[in-house]
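**Student:** Got my_file_12.txt for you, compact mmCIF, C-alpha atoms:
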# COMPACT_ATOMS: atom_id res chain seq x y z
CA MET A 1 -15.02 -11.88 -11.96
CA VAL A 2 -18.68 -11.60 -11.09
CA LEU A 3 -21.55 -12.42 -13.44
CA TYR A 4 -24.91 -10.90 -12.56
CA ASP A 5 -27.57 -13.28 -13.79
CA LEU A 6 -31.34 -13.62 -13.64
CA VAL A 7 -33.05 -16.43 -11.73
CA ASN A 8 -36.60 -17.70 -11.76
CA ARG A 9 -38.43 -18.98 -8.70
CA SER A 10 -36.62 -22.34 -8.88
CA LYS A 11 -33.37 -20.32 -8.68
CA THR A 12 -32.33 -21.63 -12.10
CA HIS A 13 -30.68 -19.32 -14.63
CA PHE A 14 -32.75 -18.85 -17.77
CA SER A 15 -31.34 -15.79 -19.57
CA PRO A 16 -30.25 -16.81 -23.09
CA ASN A 17 -27.84 -13.91 -23.36
CA SER A 18 -26.23 -14.82 -20.02
CA TRP A 19 -25.68 -18.38 -21.20
CA ARG A 20 -23.63 -17.01 -24.09
CA VAL A 21 -21.38 -15.28 -21.60
CA ARG A 22 -21.17 -18.26 -19.23
CA MET A 23 -20.05 -20.47 -22.09
CA ALA A 24 -17.59 -17.79 -23.24
CA LEU A 25 -16.07 -17.56 -19.75
CA ALA A 26 -15.75 -21.36 -19.56
CA HIS A 27 -14.27 -21.50 -23.10
CA LYS A 28 -11.59 -19.10 -21.90
CA GLY A 29 -11.01 -21.02 -18.66
CA LEU A 30 -11.95 -17.98 -16.55
CA ASP A 31 -13.41 -18.52 -13.08
CA PHE A 32 -16.43 -16.50 -12.14
CA GLU A 33 -18.87 -16.07 -9.30
CA VAL A 34 -22.58 -15.68 -10.06
CA ARG A 35 -24.76 -13.14 -8.24
CA ASP A 36 -28.44 -13.81 -8.69
CA VAL A 37 -30.84 -10.99 -9.49
CA LEU A 38 -34.51 -10.68 -10.42
CA PHE A 39 -35.88 -8.38 -13.11
CA GLY A 40 -36.98 -6.19 -10.20
CA THR A 41 -33.53 -5.94 -8.62
CA ILE A 42 -31.35 -5.27 -11.71
CA LYS A 43 -31.41 -1.56 -10.97
CA GLY A 44 -29.82 -2.27 -7.56
CA ILE A 45 -26.56 -3.48 -9.16
CA SER A 46 -25.33 0.05 -9.78
CA PRO A 47 -26.93 3.34 -8.83
CA GLU A 48 -25.17 5.19 -11.67
CA GLN A 49 -25.28 2.95 -14.76
CA LYS A 50 -28.29 1.64 -16.64
CA LEU A 51 -27.49 -2.07 -16.84
CA THR A 52 -29.09 -5.11 -18.42
CA ILE A 53 -28.46 -8.81 -17.83
CA PRO A 54 -25.87 -10.13 -18.41
CA THR A 55 -23.51 -7.71 -16.70
CA ILE A 56 -20.05 -8.62 -15.48
CA ASP A 57 -17.99 -6.94 -12.79
CA HIS A 58 -14.28 -7.41 -13.47
CA ASP A 59 -12.10 -5.76 -10.83
CA GLY A 60 -14.73 -3.08 -10.25
CA ARG A 61 -15.40 -2.45 -13.95
CA LEU A 62 -19.00 -3.11 -14.98
CA VAL A 63 -19.55 -4.28 -18.55
CA THR A 64 -23.07 -4.93 -19.85
CA ASP A 65 -24.51 -6.50 -23.05
CA SER A 66 -23.32 -9.96 -24.11
CA TRP A 67 -21.53 -8.84 -27.30
CA ALA A 68 -19.68 -6.06 -25.47
CA ILE A 69 -18.80 -8.43 -22.62
CA VAL A 70 -17.28 -11.05 -24.94
CA GLN A 71 -15.33 -8.37 -26.82
CA TYR A 72 -14.12 -7.05 -23.45
CA LEU A 73 -13.03 -10.56 -22.37
CA ASP A 74 -11.11 -11.01 -25.63
CA GLN A 75 -9.24 -7.77 -24.95
CA ALA A 76 -8.75 -8.16 -21.19
CA PHE A 77 -7.50 -11.75 -21.48
CA PRO A 78 -5.47 -11.80 -24.70
CA ASP A 79 -3.81 -15.12 -23.79
CA THR A 80 -7.14 -16.96 -23.77
CA PRO A 81 -8.81 -18.32 -26.96
CA ARG A 82 -10.41 -15.42 -28.84
CA LEU A 83 -14.16 -15.68 -29.48
CA ILE A 84 -14.97 -12.68 -31.69
CA ALA A 85 -12.36 -12.08 -34.38
CA PRO A 86 -11.65 -8.46 -35.29
CA GLY A 87 -12.86 -7.31 -38.70
CA THR A 88 -14.71 -9.39 -41.24
CA ASP A 89 -14.85 -12.73 -39.43
CA GLY A 90 -16.33 -11.08 -36.35
CA HIS A 91 -18.97 -9.47 -38.55
CA VAL A 92 -19.99 -12.88 -39.90
CA THR A 93 -20.33 -14.08 -36.29
CA GLN A 94 -22.50 -11.00 -35.69
CA PHE A 95 -24.72 -12.11 -38.59
CA PHE A 96 -25.04 -15.43 -36.79
CA GLN A 97 -26.20 -13.53 -33.70
CA TYR A 98 -28.83 -11.75 -35.83
CA TRP A 99 -29.95 -15.12 -37.14
CA VAL A 100 -30.26 -16.44 -33.57
CA GLN A 101 -32.20 -13.34 -32.54
CA THR A 102 -34.67 -13.41 -35.44
CA THR A 103 -35.07 -17.18 -35.88
CA VAL A 104 -34.11 -19.04 -32.69
CA HIS A 105 -35.12 -16.54 -29.98
CA ALA A 106 -38.16 -15.14 -31.79
CA GLY A 107 -39.28 -18.65 -32.72
CA ILE A 108 -38.84 -20.06 -29.21
CA ALA A 109 -40.57 -17.07 -27.60
CA ARG A 110 -43.75 -17.89 -29.52
CA LEU A 111 -43.65 -21.44 -28.12
CA ILE A 112 -42.81 -20.94 -24.44
CA LEU A 113 -43.37 -17.37 -23.31
CA LEU A 114 -46.34 -18.12 -21.05
CA ASP A 115 -44.47 -21.03 -19.43
CA LEU A 116 -41.51 -18.75 -18.89
CA HIS A 117 -43.76 -16.18 -17.20
CA ASN A 118 -45.17 -18.86 -14.92
CA SER A 119 -41.66 -19.99 -13.94
CA LEU A 120 -40.67 -16.53 -12.69
CA GLU A 121 -40.75 -15.25 -9.13
CA PRO A 122 -44.26 -13.84 -8.62
CA SER A 123 -42.76 -10.39 -8.00
CA ASP A 124 -41.27 -10.42 -11.55
CA GLN A 125 -44.39 -11.64 -13.35
CA ALA A 126 -46.27 -8.38 -13.75
CA TYR A 127 -43.27 -6.59 -15.29
CA PHE A 128 -42.56 -9.53 -17.59
CA ARG A 129 -46.15 -9.82 -18.78
CA ALA A 130 -46.52 -6.11 -19.45
CA SER A 131 -43.21 -5.71 -21.32
CA ARG A 132 -43.65 -8.83 -23.51
CA GLU A 133 -47.31 -8.18 -24.29
CA LYS A 134 -46.38 -4.67 -25.40
CA GLN A 135 -43.61 -6.06 -27.62
CA PHE A 136 -45.78 -8.77 -29.26
CA HIS A 137 -49.10 -6.83 -29.23
CA LYS A 138 -50.76 -9.98 -27.82
CA THR A 139 -51.41 -11.59 -24.46
CA LEU A 140 -48.91 -14.20 -23.32
CA GLU A 141 -51.70 -16.76 -23.61
CA ASP A 142 -52.28 -15.82 -27.26
CA ILE A 143 -48.55 -15.78 -28.07
CA GLN A 144 -48.16 -19.38 -26.92
CA ALA A 145 -51.52 -20.70 -28.19
CA GLY A 146 -51.48 -23.40 -30.87
CA ARG A 147 -47.85 -24.26 -30.35
CA GLU A 148 -48.32 -27.96 -31.12
CA GLU A 149 -49.37 -26.95 -34.64
CA ARG A 150 -46.55 -24.42 -35.00
CA VAL A 151 -43.56 -26.32 -33.68
CA ASP A 152 -42.89 -28.05 -37.02
CA ALA A 153 -42.38 -24.70 -38.75
CA PHE A 154 -39.96 -23.71 -36.00
CA ARG A 155 -38.03 -26.96 -36.43
CA LYS A 156 -37.85 -26.37 -40.20
CA SER A 157 -36.49 -22.87 -39.64
CA LEU A 158 -33.44 -24.43 -37.95
CA GLN A 159 -32.30 -26.08 -41.20
CA PRO A 160 -29.08 -24.04 -41.64
CA LEU A 161 -28.04 -24.89 -38.06
CA ARG A 162 -28.93 -28.54 -38.73
CA LEU A 163 -26.73 -28.63 -41.85
CA ALA A 164 -23.86 -26.97 -39.97
CA VAL A 165 -23.86 -29.22 -36.90
CA GLY A 166 -24.63 -32.26 -39.04
CA SER A 167 -21.43 -31.74 -41.03
CA HIS A 168 -18.93 -31.27 -38.23
CA GLY A 169 -20.53 -31.67 -34.79
CA PHE A 170 -20.49 -27.98 -33.89
CA VAL A 171 -21.03 -24.79 -35.89
CA GLY A 172 -17.35 -24.08 -35.25
CA GLY A 173 -16.29 -27.46 -36.64
CA GLU A 174 -15.07 -30.26 -34.39
CA LYS A 175 -14.92 -27.81 -31.49
CA PRO A 176 -17.48 -25.19 -30.46
CA CYS A 177 -17.06 -21.50 -31.17
CA TYR A 178 -18.96 -18.41 -30.10
CA ALA A 179 -21.64 -19.08 -32.72
CA ASP A 180 -22.39 -22.36 -30.94
CA TYR A 181 -22.81 -20.48 -27.66
CA LEU A 182 -25.07 -17.91 -29.32
CA ALA A 183 -27.43 -20.64 -30.51
CA PHE A 184 -27.04 -22.71 -27.34
CA GLY A 185 -28.33 -19.80 -25.24
CA GLY A 186 -31.70 -19.91 -26.98
CA PHE A 187 -32.24 -23.63 -26.50
CA GLN A 188 -31.03 -23.49 -22.89
CA TRP A 189 -33.49 -20.66 -22.24
CA ALA A 190 -36.27 -23.00 -23.40
CA ARG A 191 -34.93 -26.02 -21.49
CA ILE A 192 -34.89 -24.13 -18.20
CA SER A 193 -38.18 -22.28 -18.66
CA SER A 194 -40.59 -24.77 -20.19
CA PRO A 195 -41.24 -28.53 -20.39
CA PHE A 196 -42.40 -28.09 -24.01
CA LYS A 197 -40.64 -30.50 -26.36
CA LEU A 198 -38.90 -28.13 -28.73
CA LEU A 199 -36.86 -30.64 -30.74
CA ALA A 200 -37.45 -34.23 -31.84
CA GLU A 201 -35.03 -36.71 -30.24
CA ASP A 202 -33.64 -37.75 -33.63
CA ASP A 203 -32.99 -34.16 -34.76
CA LEU A 204 -29.31 -33.40 -35.38
CA VAL A 205 -29.92 -30.10 -33.57
CA HIS A 206 -31.01 -32.08 -30.49
CA GLY A 207 -27.77 -34.09 -30.59
CA TRP A 208 -25.74 -30.89 -30.91
CA PHE A 209 -27.59 -29.31 -27.96
CA GLU A 210 -26.85 -32.36 -25.80
CA ARG A 211 -23.16 -32.04 -26.76
CA CYS A 212 -23.25 -28.37 -25.73
CA LEU A 213 -24.80 -29.34 -22.37
CA ASP A 214 -21.88 -31.75 -21.84
CA LEU A 215 -19.22 -29.06 -22.39
CA TYR A 216 -17.08 -27.82 -19.50
CA GLY A 217 -17.95 -30.62 -17.11
CA GLY A 218 -21.64 -30.47 -17.92
CA MET A 219 -21.91 -26.83 -16.85
CA GLY A 220 -25.20 -26.34 -18.67
CA ARG A 221 -26.84 -29.28 -16.90
CA ARG A 222 -26.22 -27.89 -13.42
CA ASP A 223 -29.30 -25.73 -13.88
CA ALA A 224 -32.19 -28.17 -13.95
CA ALA A 225 -34.60 -28.47 -16.87
CA ALA A 226 -38.18 -27.35 -16.30
CA THR A 227 -40.61 -30.18 -15.54
CA MET B 228 -7.86 -18.76 -65.56
CA VAL B 229 -11.04 -19.89 -67.25
CA LEU B 230 -14.48 -19.86 -65.64
CA TYR B 231 -17.07 -22.13 -67.23
CA ASP B 232 -20.45 -20.50 -66.71
CA LEU B 233 -24.05 -21.08 -67.72
CA VAL B 234 -25.91 -18.73 -70.06
CA ASN B 235 -29.57 -18.36 -70.88
CA ARG B 236 -30.92 -17.46 -74.30
CA SER B 237 -30.06 -13.76 -73.80
CA LYS B 238 -26.46 -14.93 -73.21
CA THR B 239 -26.57 -13.52 -69.68
CA HIS B 240 -25.05 -15.43 -66.78
CA PHE B 241 -27.58 -16.47 -64.18
CA SER B 242 -25.93 -19.16 -62.03
CA PRO B 243 -25.95 -17.99 -58.37
CA ASN B 244 -23.02 -20.22 -57.48
CA SER B 245 -20.98 -18.86 -60.39
CA TRP B 246 -21.59 -15.30 -59.22
CA ARG B 247 -19.99 -16.20 -55.88
CA VAL B 248 -16.88 -17.29 -57.76
CA ARG B 249 -16.88 -14.26 -60.10
CA MET B 250 -16.99 -11.93 -57.11
CA ALA B 251 -14.31 -13.97 -55.35
CA LEU B 252 -12.01 -13.72 -58.40
CA ALA B 253 -12.59 -9.95 -58.61
CA HIS B 254 -12.04 -9.56 -54.84
CA LYS B 255 -8.64 -11.20 -55.32
CA GLY B 256 -7.82 -9.12 -58.39
CA LEU B 257 -7.49 -12.22 -60.60
CA ASP B 258 -8.21 -11.95 -64.32
CA PHE B 259 -10.36 -14.62 -65.85
CA GLU B 260 -11.89 -15.54 -69.17
CA VAL B 261 -15.47 -16.85 -69.29
CA ARG B 262 -16.48 -19.79 -71.46
CA ASP B 263 -20.23 -20.06 -71.88
CA VAL B 264 -22.00 -23.39 -71.58
CA LEU B 265 -25.58 -24.60 -71.50
CA PHE B 266 -26.93 -27.25 -69.13
CA GLY B 267 -26.78 -29.55 -72.14
CA THR B 268 -23.10 -28.89 -72.89
CA ILE B 269 -21.59 -29.12 -69.36
CA LYS B 270 -20.57 -32.71 -70.00
CA GLY B 271 -18.47 -31.53 -72.95
CA ILE B 272 -16.04 -29.62 -70.69
CA SER B 273 -14.17 -32.76 -69.72
CA PRO B 274 -14.68 -36.32 -70.93
CA GLU B 275 -13.22 -37.77 -67.70
CA GLN B 276 -14.56 -35.71 -64.80
CA LYS B 277 -18.15 -35.21 -63.69
CA LEU B 278 -18.35 -31.43 -63.42
CA THR B 279 -20.95 -28.91 -62.31
CA ILE B 280 -21.11 -25.16 -62.85
CA PRO B 281 -19.12 -23.27 -61.73
CA THR B 282 -15.92 -24.99 -62.79
CA ILE B 283 -12.60 -23.23 -63.22
CA ASP B 284 -9.64 -24.28 -65.32
CA HIS B 285 -6.40 -22.95 -63.82
CA ASP B 286 -3.35 -23.94 -65.87
CA GLY B 287 -5.05 -27.16 -66.95
CA ARG B 288 -6.35 -28.06 -63.49
CA LEU B 289 -10.15 -28.32 -63.32
CA VAL B 290 -11.78 -27.41 -59.99
CA THR B 291 -15.54 -27.68 -59.55
CA ASP B 292 -18.02 -26.58 -56.79
CA SER B 293 -17.98 -22.96 -55.59
CA TRP B 294 -16.75 -23.72 -52.04
CA ALA B 295 -13.91 -25.92 -53.33
CA ILE B 296 -13.01 -23.30 -55.97
CA VAL B 297 -12.73 -20.48 -53.44
CA GLN B 298 -10.68 -22.64 -51.09
CA TYR B 299 -8.45 -23.53 -54.05
CA LEU B 300 -8.03 -19.85 -54.95
CA ASP B 301 -7.08 -19.03 -51.34
CA GLN B 302 -4.37 -21.70 -51.49
CA ALA B 303 -3.14 -21.10 -55.04
CA PHE B 304 -2.92 -17.32 -54.58
CA PRO B 305 -1.74 -16.87 -50.98
CA ASP B 306 -0.78 -13.23 -51.59
CA THR B 307 -4.38 -12.25 -52.43
CA PRO B 308 -6.98 -11.43 -49.75
CA ARG B 309 -8.21 -14.69 -48.21
CA LEU B 310 -11.96 -15.37 -48.45
CA ILE B 311 -12.52 -18.53 -46.39
CA ALA B 312 -10.53 -18.56 -43.16
CA PRO B 313 -9.17 -21.91 -42.00
CA GLY B 314 -10.81 -23.44 -38.93
CA THR B 315 -13.65 -21.92 -36.94
CA ASP B 316 -14.17 -18.68 -38.84
CA GLY B 317 -14.46 -20.55 -42.12
CA HIS B 318 -17.07 -22.81 -40.55
CA VAL B 319 -19.17 -19.79 -39.56
CA THR B 320 -18.95 -18.62 -43.19
CA GLN B 321 -20.12 -22.10 -44.18
CA PHE B 322 -23.13 -21.65 -41.88
CA PHE B 323 -23.82 -18.46 -43.81
CA GLN B 324 -23.76 -20.50 -47.03
CA TYR B 325 -26.29 -22.92 -45.51
CA TRP B 326 -28.48 -19.95 -44.59
CA VAL B 327 -28.27 -18.66 -48.18
CA GLN B 328 -29.11 -22.10 -49.54
CA THR B 329 -32.12 -22.73 -47.27
CA THR B 330 -33.50 -19.17 -47.04
CA VAL B 331 -32.32 -17.05 -49.98
CA HIS B 332 -32.05 -19.63 -52.78
CA ALA B 333 -34.99 -21.78 -51.67
CA GLY B 334 -37.12 -18.67 -51.12
CA ILE B 335 -36.24 -17.10 -54.47
CA ALA B 336 -36.77 -20.37 -56.35
CA ARG B 337 -40.42 -20.41 -55.24
CA LEU B 338 -40.87 -16.90 -56.66
CA ILE B 339 -39.11 -17.08 -60.05
CA LEU B 340 -38.50 -20.65 -61.17
CA LEU B 341 -40.98 -20.57 -64.07
CA ASP B 342 -39.56 -17.23 -65.29
CA LEU B 343 -36.08 -18.73 -65.09
CA HIS B 344 -37.20 -21.71 -67.16
CA ASN B 345 -38.67 -19.38 -69.79
CA SER B 346 -35.41 -17.41 -69.98
CA LEU B 347 -33.34 -20.49 -70.86
CA GLU B 348 -32.30 -21.66 -74.31
CA PRO B 349 -35.13 -23.86 -75.61
CA SER B 350 -32.73 -26.82 -75.75
CA ASP B 351 -32.17 -26.53 -71.96
CA GLN B 352 -35.81 -26.14 -70.94
CA ALA B 353 -36.90 -29.79 -70.91
CA TYR B 354 -33.98 -30.83 -68.68
CA PHE B 355 -34.55 -27.89 -66.36
CA ARG B 356 -38.28 -28.51 -66.02
CA ALA B 357 -37.87 -32.24 -65.36
CA SER B 358 -35.09 -31.86 -62.76
CA ARG B 359 -36.76 -29.03 -60.81
CA GLU B 360 -40.24 -30.55 -60.88
CA LYS B 361 -38.75 -33.76 -59.50
CA GLN B 362 -36.99 -31.80 -56.75
CA PHE B 363 -40.07 -29.75 -55.72
CA HIS B 364 -42.71 -32.45 -56.47
CA LYS B 365 -44.73 -29.74 -58.28
CA THR B 366 -44.97 -28.24 -61.75
CA LEU B 367 -42.97 -25.05 -62.34
CA GLU B 368 -46.30 -23.25 -62.77
CA ASP B 369 -47.45 -24.42 -59.32
CA ILE B 370 -44.11 -23.59 -57.68
CA GLN B 371 -44.35 -19.96 -58.81
CA ALA B 372 -48.13 -19.54 -58.38
CA GLY B 373 -49.35 -16.99 -55.84
CA ARG B 374 -46.03 -15.25 -55.54
CA GLU B 375 -47.55 -11.80 -54.98
CA GLU B 376 -49.07 -13.14 -51.77
CA ARG B 377 -45.88 -14.93 -50.71
CA VAL B 378 -43.23 -12.30 -51.38
CA ASP B 379 -43.78 -10.57 -48.02
CA ALA B 380 -42.89 -13.74 -46.12
CA PHE B 381 -39.73 -14.03 -48.22
CA ARG B 382 -38.80 -10.42 -47.45
CA LYS B 383 -39.35 -11.05 -43.73
CA SER B 384 -37.08 -14.10 -43.86
CA LEU B 385 -34.21 -11.81 -44.86
CA GLN B 386 -34.27 -10.01 -41.49
CA PRO B 387 -30.85 -11.23 -40.26
CA LEU B 388 -29.26 -10.04 -43.52
CA ARG B 389 -31.14 -6.75 -43.19
CA LEU B 390 -29.80 -6.21 -39.66
CA ALA B 391 -26.27 -7.06 -40.77
CA VAL B 392 -26.11 -4.80 -43.82
CA GLY B 393 -28.06 -2.09 -42.01
CA SER B 394 -25.37 -1.88 -39.33
CA HIS B 395 -22.25 -1.66 -41.47
CA GLY B 396 -23.09 -1.56 -45.18
CA PHE B 397 -21.94 -5.09 -45.95
CA VAL B 398 -22.13 -8.39 -44.05
CA GLY B 399 -18.35 -8.15 -43.79
CA GLY B 400 -18.49 -4.65 -42.29
CA GLU B 401 -17.49 -1.59 -44.30
CA LYS B 402 -16.10 -3.85 -47.02
CA PRO B 403 -17.64 -6.98 -48.52
CA CYS B 404 -16.50 -10.48 -47.63
CA TYR B 405 -17.30 -13.91 -49.02
CA ALA B 406 -20.59 -13.98 -47.09
CA ASP B 407 -21.70 -10.93 -49.10
CA TYR B 408 -20.88 -12.75 -52.34
CA LEU B 409 -22.77 -15.85 -51.17
CA ALA B 410 -25.93 -13.81 -50.61
CA PHE B 411 -25.33 -11.62 -53.68
CA GLY B 412 -25.37 -14.69 -55.93
CA GLY B 413 -28.97 -15.44 -55.00
CA PHE B 414 -30.27 -11.95 -55.71
CA GLN B 415 -28.26 -11.69 -58.92
CA TRP B 416 -29.75 -15.03 -60.05
CA ALA B 417 -33.20 -13.45 -59.62
CA ARG B 418 -32.23 -10.14 -61.26
CA ILE B 419 -30.98 -11.88 -64.41
CA SER B 420 -33.75 -14.47 -64.64
CA SER B 421 -36.98 -12.68 -63.78
CA PRO B 422 -38.54 -9.21 -63.85
CA PHE B 423 -40.37 -10.03 -60.59
CA LYS B 424 -39.82 -7.33 -57.96
CA LEU B 425 -38.15 -9.28 -55.19
CA LEU B 426 -37.29 -6.40 -52.83
CA ALA B 427 -38.97 -3.10 -51.99
CA GLU B 428 -36.94 -0.06 -53.05
CA ASP B 429 -36.65 1.19 -49.47
CA ASP B 430 -35.43 -2.16 -48.14
CA LEU B 431 -31.91 -2.02 -46.66
CA VAL B 432 -31.26 -5.31 -48.47
CA HIS B 433 -32.08 -3.57 -51.77
CA GLY B 434 -29.53 -0.84 -50.99
CA TRP B 435 -26.92 -3.47 -50.13
CA PHE B 436 -27.60 -5.36 -53.38
CA GLU B 437 -27.14 -2.16 -55.40
CA ARG B 438 -23.81 -1.60 -53.61
CA CYS B 439 -22.77 -5.14 -54.53
CA LEU B 440 -23.70 -4.50 -58.17
CA ASP B 441 -21.41 -1.44 -58.08
CA LEU B 442 -18.37 -3.41 -56.88
CA TYR B 443 -15.39 -4.02 -59.17
CA GLY B 444 -16.34 -1.48 -61.77
CA GLY B 445 -19.97 -2.51 -61.81
CA MET B 446 -19.11 -6.06 -62.83
CA GLY B 447 -22.51 -7.40 -61.78
CA ARG B 448 -24.36 -4.89 -63.97
CA ARG B 449 -22.64 -5.99 -67.18
CA ASP B 450 -25.11 -8.86 -67.39
CA ALA B 451 -28.46 -7.18 -68.04
CA ALA B 452 -31.47 -7.55 -65.77
CA ALA B 453 -34.45 -9.50 -67.08
CA THR B 454 -37.25 -7.32 -68.44
Represent the structure of the file as structure tokens.

**Tutor:**
Amino acid sequence: MVLYDLVNRSKTHFSPNSWRVRMALAHKGLDFEVRDVLFGTIKGISPEQKLTIPTIDHDGRLVTDSWAIVQYLDQAFPDTPRLIAPGTDGHVTQFFQYWVQTTVHAGIARLILLDLHNSLEPSDQAYFRASREKQFHKTLEDIQAGREERVDAFRKSLQPLRLAVGSHGFVGGEKPCYADYLAFGGFQWARISSPFKLLAEDDLVHGWFERCLDLYGGMGRRDAAAT
Amino acid sequence: MVLYDLVNRSKTHFSPNSWRVRMALAHKGLDFEVRDVLFGTIKGISPEQKLTIPTIDHDGRLVTDSWAIVQYLDQAFPDTPRLIAPGTDGHVTQFFQYWVQTTVHAGIARLILLDLHNSLEPSDQAYFRASREKQFHKTLEDIQAGREERVDAFRKSLQPLRLAVGSHGFVGGEKPCYADYLAFGGFQWARISSPFKLLAEDDLVHGWFERCLDLYGGMGRRDAAAT
């Protein structure tokens, strides 16, 4: 099992959607080898298929997109703990992914996107700037500006996650589930890409994130935080 | 099976948490009789127990709190479709409830709470005003003020729900699940209590809400919208 993953110029792995898959692989007890790519070398993975990161290669079969990868892993390894239930329960987990996308990822982007740009290999920076500035209709500098005044609103927007992890430790209860990994990916993306203090130390979400970093032998800590 | 439910002075049922339970009962195909109460007469349901609305009475057993009621129904009627899965999947549904509480209910309250007050029986209004003004640290008039300028932000906050129901029709996929009923309760609370136009007609969330109103023989439409 190979996981193609993005690195920055410190060779740390920052992709939030890859972290979902890394945690999913570890949850299932599946070994994997990581092959590092840059934004500029993704197209070299396969000459035929249009791929994004994360992509896995399992016995020569390329699967791309985190949701599709986790569904594939559930099917290919039916004796491992399932992460996305078929039917209704899986759809509620998909809602959670939409919440992460629109609240966690979109919120964090507005706080760290310039730092993230600066952490990239210089050869990736022009592509990253152009694509994100087109998406946000603003310069990276303007996207990140005023973050000290805006971080409180971001922290407030995490209230449903705070209530969930405050009740039981993880979104999934006493043990983490795929929803935890979906949210974890966003905060890990920030941890690796920016020294900005996203969460207060006494925030229940901070405690939950530290617990996620401890999972699977501290897998998430092996990639160093930005300084 | 008896459901104790709140009515306003038009004798329509506005409690968002009761609507969750009504939809849950219908989803399971369980017949129930409704007994109307006012805020001021809840304490008359049982001299011994401290109850809130919704409360059900099933063969003399009183169960209160919507989450506890639905879990009770899942256990008491194991041959009916289950609404809250045990373990992890149920916890993700509980996250959805937290999202409804912090985004849908809290957002709607700031748009309609004075209208809701005015729709109540006069004997309930003083209690309602005092308890909500204490909770929000504002008068009902101030809570609702400026809603025309604030409704866009509320609509934007629904984006994860919009993505979910836009993909499949319901949060649960092609058929509704308890998450749909959790969100439905909030919008039904607004529909019954206020003529304020919460959603644009072309919003996917509006289309989903209309589909929810159609469920179970149009059960949700039997209580008339506020005019």

**Student:** Can you tell me, as a PyMOL selection string, what residues are no more than 10 Å from range 115-119 of chain A when counting only C-alpha atoms, ignoring any on the same chain fewer than 5 positions away?

**Tutor:** chain A and resi 7-12+14+109+124-129+132+140-141+144+189-190+192-196+226

**Student:** Calculated over only C-alpha atoms, which of the candidates A:Thr80, A:Gln135, A:Thr52, A:Ser123 has the smallest distance to Ala106 in chain A?

**Tutor:**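 Once distances to Ala106 in chain A are computed over only C-alpha atoms, the minimum belongs to A:Gln135.
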
**Student:** Counting all atoms listed in the file, give me one row per residue of chain B with an atom at most 8 Å from an atom of chain A, showing the shortest contact pair and its distance in Å to one decimal, sorted by chain then residue number, as JSON lines.

**Tutor:**
{"residue": "B:Gly314", "atom": "CA", "partner": "A:Gly173", "partner_atom": "CA", "distance": 7.2}
{"residue": "B:Thr315", "atom": "CA", "partner": "A:Gly172", "partner_atom": "CA", "distance": 4.6}
{"residue": "B:Asp316", "atom": "CA", "partner": "A:Asp89", "partner_atom": "CA", "distance": 6.0}
{"residue": "B:His318", "atom": "CA", "partner": "A:Gly172", "partner_atom": "CA", "distance": 5.5}
{"residue": "B:Val319", "atom": "CA", "partner": "A:Gly172", "partner_atom": "CA", "distance": 6.3}
{"residue": "B:Thr320", "atom": "CA", "partner": "A:Val92", "partner_atom": "CA", "distance": 6.7}
{"residue": "B:Gln321", "atom": "CA", "partner": "A:Ala164", "partner_atom": "CA", "distance": 7.4}
{"residue": "B:Phe322", "atom": "CA", "partner": "A:Ala164", "partner_atom": "CA", "distance": 5.7}
{"residue": "B:Phe323", "atom": "CA", "partner": "A:Phe96", "partner_atom": "CA", "distance": 7.7}
{"residue": "B:Tyr325", "atom": "CA", "partner": "A:Pro160", "partner_atom": "CA", "distance": 4.9}
{"residue": "B:Trp326", "atom": "CA", "partner": "A:Pro160", "partner_atom": "CA", "distance": 5.1}
{"residue": "B:Thr329", "atom": "CA", "partner": "A:Pro160", "partner_atom": "CA", "distance": 6.5}
{"residue": "B:Gln386", "atom": "CA", "partner": "A:Thr102", "partner_atom": "CA", "distance": 7.0}
{"residue": "B:Pro387", "atom": "CA", "partner": "A:Tyr98", "partner_atom": "CA", "distance": 4.9}
{"residue": "B:Leu388", "atom": "CA", "partner": "A:Phe95", "partner_atom": "CA", "distance": 7.0}
{"residue": "B:Leu390", "atom": "CA", "partner": "A:Tyr98", "partner_atom": "CA", "distance": 6.8}
{"residue": "B:Ala391", "atom": "CA", "partner": "A:Phe95", "partner_atom": "CA", "distance": 5.7}
{"residue": "B:Val398", "atom": "CA", "partner": "A:His91", "partner_atom": "CA", "distance": 6.4}
{"residue": "B:Gly399", "atom": "CA", "partner": "A:Thr88", "partner_atom": "CA", "distance": 4.6}
{"residue": "B:Gly400", "atom": "CA", "partner": "A:His91", "partner_atom": "CA", "distance": 6.1}
{"residue": "B:Cys404", "atom": "CA", "partner": "A:Thr88", "partner_atom": "CA", "distance": 6.7}
{"residue": "B:Ala406", "atom": "CA", "partner": "A:Val92", "partner_atom": "CA", "distance": 7.3}

**Student:** Next, the residues of the selection above should be written as a compact mmCIF listing (two decimals), in the coordinates of the input with C-alpha atoms.

**Tutor:**
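Once written, again_20.txt looks like this:
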# COMPACT_ATOMS: atom_id res chain seq x y z
CA GLY B 314 -10.81 -23.44 -38.93
CA THR B 315 -13.65 -21.92 -36.94
CA ASP B 316 -14.17 -18.68 -38.84
CA HIS B 318 -17.07 -22.81 -40.55
CA VAL B 319 -19.17 -19.79 -39.56
CA THR B 320 -18.95 -18.62 -43.19
CA GLN B 321 -20.12 -22.10 -44.18
CA PHE B 322 -23.13 -21.65 -41.88
CA PHE B 323 -23.82 -18.46 -43.81
CA TYR B 325 -26.29 -22.92 -45.51
CA TRP B 326 -28.48 -19.95 -44.59
CA THR B 329 -32.12 -22.73 -47.27
CA GLN B 386 -34.27 -10.01 -41.49
CA PRO B 387 -30.85 -11.23 -40.26
CA LEU B 388 -29.26 -10.04 -43.52
CA LEU B 390 -29.80 -6.21 -39.66
CA ALA B 391 -26.27 -7.06 -40.77
CA VAL B 398 -22.13 -8.39 -44.05
CA GLY B 399 -18.35 -8.15 -43.79
CA GLY B 400 -18.49 -4.65 -42.29
CA CYS B 404 -16.50 -10.48 -47.63
CA ALA B 406 -20.59 -13.98 -47.09
